[in-house]
Amino acid sequence: MLLTYYGDLGWWPGHSYEIMIGAILVQNTAWSNVERSLENFAEDLTPQLVEKLTIEELITRIYPSGFYHAKAACIKNLTVWYKQYGYSVQTVQTQPLSKIRDELLAIRGIGAETADAILLYVFYFPTFVIDAYIKRFAERLPVPAARDYKTLQAYFSDNLEQDAILFGKYHILILEHGKKHCKKKPRCEGCPFMNECDFPKRQKSS
DNA sequence: CGCCAGGGCCATA
DNA sequence: TATGGCCATGGC
């Protein structure tokens with residue numbers, strides 16, 4: 001199985017606020033470009049700093065990630081939202097998952113995937129993130145015919161223990177695995193887990 | 001040169 | 001609801 005093959009690949013890198021920003025910057029963008037952007041903050045990527053920066057200054061920093069007009073505005077709005085909770089992870093965690101998810105989705109530039117990534121990797125809500133690698137991975141699994149976001153998310157979520165740490169580590173595993181073996185072209189060439197349904201733990205049906 | 005990368009928005013039918 | 005154009009950079 002993936003876990004024994006790769007070992008524990010950990011979590012999304014960075015502290016909580018960096019993770020939010022990274023989740024926005026990585027939209028349809030290579031992670032290497034995101035790293036270039038993050039380096040422009042030199043150990044000082046805090047909501048207090050972003051609060052002070054103008055949109056133009058923010059664009060200058062995130063420039064290498066592309067789509068900078070939309071992403072800069074999105075980061076600003078996300079930061080305004082986060083201020084309501086005192087920039088506190090713990091405070092957000094006291095709120096219902098669905099409420100936070102709706103609030104994130106209401107921010108322009110944050111769709112289902114980015115919202116779920118923030119919910120999981122920043123606030124540790126048990127939300128399964130569906131990204132391009134998960135979709136590609138799912139093409140080989142006996143998932144329902146419908147491959148839309150909600151259906152895929154329900155499929156993975158329903159077949160795993162409802163545990164945020166597990167969701168996160170499993171997602172990272174598939175992601176890193178995909179980067180290694182399952183590039184778009186040629187699709188999944190050399191993948192050692194072809195046609196293998198590889199859930200580390202199944203939820204008991206009730 | 002073109003394709004691709006851990007999307008999302010909007011217009012159109 | 002489901003496509004398609006658009007946004008933009010850097011690696012290859």
# chains A, B, ... in the order shown; residues from 1 in each chain; ligands from 1
>>> select_by_dssp(residues="segment 38-205 of chain A", states="helix (DSSP H, G or I)", output="VMD selection string")
chain A and resid 38 to 39 47 to 52 55 to 65 68 to 83 89 to 93 97 to 105 112 to 121 132 to 138 149 to 158 164 to 181
>>> atom_distance(atom1="atom CA of Thr79 of chain A", atom2="atom C1' of DG6 of chain B")
21.5 Å
>>> interface_residues(of="chain A", to="chain C", cutoff="7 Å", atoms="only C-alpha atoms (C1' of nucleotides)", output="mmCIF file with C-alpha atoms, in the first residue's frame")
data_model
loop_
_atom_site.group_PDB
_atom_site.id
_atom_site.type_symbol
_atom_site.label_atom_id
_atom_site.label_comp_id
_atom_site.auth_asym_id
_atom_site.auth_seq_id
_atom_site.Cartn_x
_atom_site.Cartn_y
_atom_site.Cartn_z
ATOM 1 C CA ASN A 33 6.503 29.049 -8.559
ATOM 2 C CA PRO A 64 5.975 34.371 -9.853
ATOM 3 C CA SER A 65 2.807 32.415 -9.071
ATOM 4 C CA GLY A 66 0.840 33.916 -11.949
ATOM 5 C CA PHE A 67 -2.822 35.024 -11.992
#
>>> interface_residues(of="chain A", to="chain B", cutoff="12 Å", atoms="only C-alpha atoms (C1' of nucleotides)", output="NGL selection string")
:A and (12 or 22-34 or 65-67 or 70-71 or 74 or 105 or 107-115 or 117 or 129-136 or 171-172 or 174-176 or 178-179 or 183-185)
>>> write_last_selection(atoms="C-alpha atoms", output="compact mmCIF listing (two decimals), in the first residue's frame")
# COMPACT_ATOMS: atom_id res chain seq x y z
CA TRP A 12 1.33 20.80 4.03
CA GLY A 22 0.03 28.71 -0.41
CA ALA A 23 -3.34 27.11 -1.10
CA ILE A 24 -4.37 30.16 -3.11
CA LEU A 25 -1.05 30.65 -4.87
CA VAL A 26 -0.84 27.03 -6.01
CA GLN A 27 -4.09 27.20 -7.97
CA ASN A 28 -3.28 25.77 -11.39
CA THR A 29 0.36 26.65 -10.77
CA ALA A 30 3.52 24.63 -10.17
CA TRP A 31 4.62 24.54 -6.53
CA SER A 32 8.09 25.75 -7.53
CA ASN A 33 6.50 29.05 -8.56
CA VAL A 34 4.74 29.28 -5.21
CA SER A 65 2.81 32.42 -9.07
CA GLY A 66 0.84 33.92 -11.95
CA PHE A 67 -2.82 35.02 -11.99
CA ALA A 70 -7.04 37.60 -8.88
CA LYS A 71 -4.81 35.96 -6.29
CA CYS A 74 -8.29 36.88 -2.93
CA LEU A 105 -16.56 29.75 -0.61
CA ILE A 107 -14.69 34.73 -1.03
CA ARG A 108 -14.02 35.31 -4.69
CA GLY A 109 -11.15 33.17 -5.87
CA ILE A 110 -11.78 30.41 -3.35
CA GLY A 111 -13.58 27.40 -4.78
CA ALA A 112 -14.27 23.97 -3.36
CA GLU A 113 -10.74 22.65 -3.53
CA THR A 114 -9.04 25.67 -2.00
CA ALA A 115 -11.69 25.90 0.72
CA ALA A 117 -7.48 22.51 1.64
CA VAL A 129 -9.51 17.54 -0.64
CA ILE A 130 -10.15 16.63 -4.28
CA ASP A 131 -7.44 17.96 -6.56
CA ALA A 132 -6.12 17.08 -10.00
CA TYR A 133 -3.99 14.22 -8.66
CA ILE A 134 -6.86 12.73 -6.68
CA LYS A 135 -9.06 12.87 -9.77
CA ARG A 136 -6.39 11.14 -11.81
CA HIS A 171 -4.11 13.11 0.41
CA ILE A 172 -0.43 14.07 0.54
CA ILE A 174 -1.61 10.37 -3.36
CA LEU A 175 -0.35 13.80 -4.37
CA GLU A 176 3.33 12.96 -4.05
CA GLY A 178 1.02 11.30 -8.54
CA LYS A 179 3.90 13.71 -9.04
CA LYS A 183 1.89 12.76 -14.87
CA LYS A 184 -0.75 13.73 -17.33
CA LYS A 185 1.21 12.44 -20.30
>>> residues_around(residues="Asp163 of chain A", least_positions_apart="5", cutoff="10 Å", atoms="only C-alpha atoms (C1' of nucleotides)", output="PDB file with N, CA and C atoms, in the first residue's frame")
ATOM      1  N   TYR A 124      -7.709  21.755  10.503  1.00  0.00           N
ATOM      2  CA  TYR A 124      -7.837  20.358  10.903  1.00  0.00           C
ATOM      3  C   TYR A 124      -9.278  19.866  10.958  1.00  0.00           C
ATOM      4  N   PHE A 125     -10.107  20.392  10.081  1.00  0.00           N
ATOM      5  CA  PHE A 125     -11.437  19.824   9.926  1.00  0.00           C
ATOM      6  C   PHE A 125     -11.295  18.569   9.056  1.00  0.00           C
ATOM      7  N   PRO A 126     -12.060  17.517   9.330  1.00  0.00           N
ATOM      8  CA  PRO A 126     -11.952  16.290   8.540  1.00  0.00           C
ATOM      9  C   PRO A 126     -12.622  16.422   7.178  1.00  0.00           C
ATOM     10  N   THR A 127     -11.953  17.117   6.279  1.00  0.00           N
ATOM     11  CA  THR A 127     -12.483  17.377   4.939  1.00  0.00           C
ATOM     12  C   THR A 127     -11.534  16.780   3.911  1.00  0.00           C
ATOM     13  N   PHE A 128     -12.029  15.961   3.019  1.00  0.00           N
ATOM     14  CA  PHE A 128     -11.141  15.358   2.026  1.00  0.00           C
ATOM     15  C   PHE A 128     -11.017  16.270   0.812  1.00  0.00           C
ATOM     16  N   SER A 157     -14.322  10.185   1.335  1.00  0.00           N
ATOM     17  CA  SER A 157     -14.667  10.469   2.727  1.00  0.00           C
ATOM     18  C   SER A 157     -15.420   9.305   3.372  1.00  0.00           C
ATOM     19  N   GLY A 168      -5.475  14.134   5.679  1.00  0.00           N
ATOM     20  CA  GLY A 168      -4.366  14.954   5.205  1.00  0.00           C
ATOM     21  C   GLY A 168      -3.204  14.114   4.723  1.00  0.00           C
TER      22      GLY A 168
END
>>> decode(residues="chain C", atoms="N, CA, C and O atoms (P, O5', C5', C4', C3', O3' and C1' of nucleotides)", output="short mmCIF file (atom, residue, chain, number, x, y, z; two decimals), in the first residue's frame")
data_model
loop_
_atom_site.label_atom_id
_atom_site.label_comp_id
_atom_site.auth_asym_id
_atom_site.auth_seq_id
_atom_site.Cartn_x
_atom_site.Cartn_y
_atom_site.Cartn_z
P DT C 1 -27.50 21.31 -11.14
"O5'" DT C 1 -27.26 20.95 -12.70
"C5'" DT C 1 -27.40 19.66 -13.22
"C4'" DT C 1 -26.48 19.57 -14.44
"C3'" DT C 1 -25.02 19.63 -14.07
"O3'" DT C 1 -24.29 18.58 -14.67
"C1'" DT C 1 -25.55 21.35 -15.64
P DA C 2 -23.56 17.75 -15.25
"O5'" DA C 2 -22.95 18.55 -16.52
"C5'" DA C 2 -23.59 18.52 -17.78
"C4'" DA C 2 -22.74 19.27 -18.81
"C3'" DA C 2 -21.25 19.18 -18.52
"O3'" DA C 2 -20.54 19.16 -19.74
"C1'" DA C 2 -21.87 21.41 -18.55
P DT C 3 -19.68 17.94 -20.13
"O5'" DT C 3 -18.73 18.53 -21.27
"C5'" DT C 3 -17.96 19.67 -20.97
"C4'" DT C 3 -18.31 20.81 -21.93
"C3'" DT C 3 -17.03 21.54 -22.39
"O3'" DT C 3 -17.03 21.67 -23.79
"C1'" DT C 3 -18.59 23.07 -21.46
P DG C 4 -15.58 21.85 -24.53
"O5'" DG C 4 -15.36 23.42 -24.58
"C5'" DG C 4 -16.38 24.29 -25.10
"C4'" DG C 4 -15.86 25.73 -25.08
"C3'" DG C 4 -14.34 25.86 -25.16
"O3'" DG C 4 -14.03 27.03 -25.92
"C1'" DG C 4 -15.08 26.75 -23.10
P DG C 5 -12.52 27.37 -26.28
"O5'" DG C 5 -12.34 28.81 -25.63
"C5'" DG C 5 -13.27 29.85 -25.92
"C4'" DG C 5 -13.02 31.06 -25.04
"C3'" DG C 5 -11.55 31.50 -24.97
"O3'" DG C 5 -11.50 32.92 -25.03
"C1'" DG C 5 -12.36 31.00 -22.79
P DC C 6 -10.09 33.63 -25.19
"O5'" DC C 6 -9.71 34.01 -23.69
"C5'" DC C 6 -10.56 34.89 -22.94
"C4'" DC C 6 -10.17 34.85 -21.49
"C3'" DC C 6 -8.67 34.99 -21.23
"O3'" DC C 6 -8.39 36.34 -20.87
"C1'" DC C 6 -9.74 33.42 -19.76
P DC C 7 -6.93 36.87 -20.77
"O5'" DC C 7 -6.52 36.64 -19.25
"C5'" DC C 7 -7.26 37.28 -18.21
"C4'" DC C 7 -6.93 36.63 -16.89
"C3'" DC C 7 -5.44 36.67 -16.53
"O3'" DC C 7 -5.31 37.07 -15.19
"C1'" DC C 7 -6.30 34.50 -16.28
P DA C 8 -4.08 37.94 -14.76
"O5'" DA C 8 -2.86 36.93 -15.01
"C5'" DA C 8 -1.93 37.15 -16.03
"C4'" DA C 8 -0.62 36.51 -15.59
"C3'" DA C 8 0.49 36.55 -16.64
"O3'" DA C 8 1.72 36.60 -15.95
"C1'" DA C 8 -0.05 34.33 -16.19
P DT C 9 3.06 36.95 -16.70
"O5'" DT C 9 4.17 36.16 -15.87
"C5'" DT C 9 4.12 36.15 -14.45
"C4'" DT C 9 4.55 34.81 -13.91
"C3'" DT C 9 5.88 34.33 -14.49
"O3'" DT C 9 6.87 34.41 -13.49
"C1'" DT C 9 4.21 32.59 -14.47
P DG C 10 8.41 34.36 -13.93
"O5'" DG C 10 8.72 32.79 -13.93
"C5'" DG C 10 8.73 32.08 -12.71
"C4'" DG C 10 8.93 30.60 -12.96
"C3'" DG C 10 10.21 30.23 -13.72
"O3'" DG C 10 10.71 29.02 -13.18
"C1'" DG C 10 8.36 29.40 -14.89
P DG C 11 12.20 28.54 -13.63
"O5'" DG C 11 12.02 26.97 -13.82
"C5'" DG C 11 10.94 26.27 -13.19
"C4'" DG C 11 10.78 24.89 -13.78
"C3'" DG C 11 11.99 24.35 -14.53
"O3'" DG C 11 12.06 22.96 -14.32
"C1'" DG C 11 10.21 24.55 -16.05
P DC C 12 13.36 22.14 -14.86
"O5'" DC C 12 12.85 21.49 -16.23
"C5'" DC C 12 11.73 20.61 -16.22
"C4'" DC C 12 11.27 20.37 -17.64
"C3'" DC C 12 12.38 19.99 -18.63
"O3'" DC C 12 12.05 18.75 -19.24
"C1'" DC C 12 10.93 21.61 -19.55
#
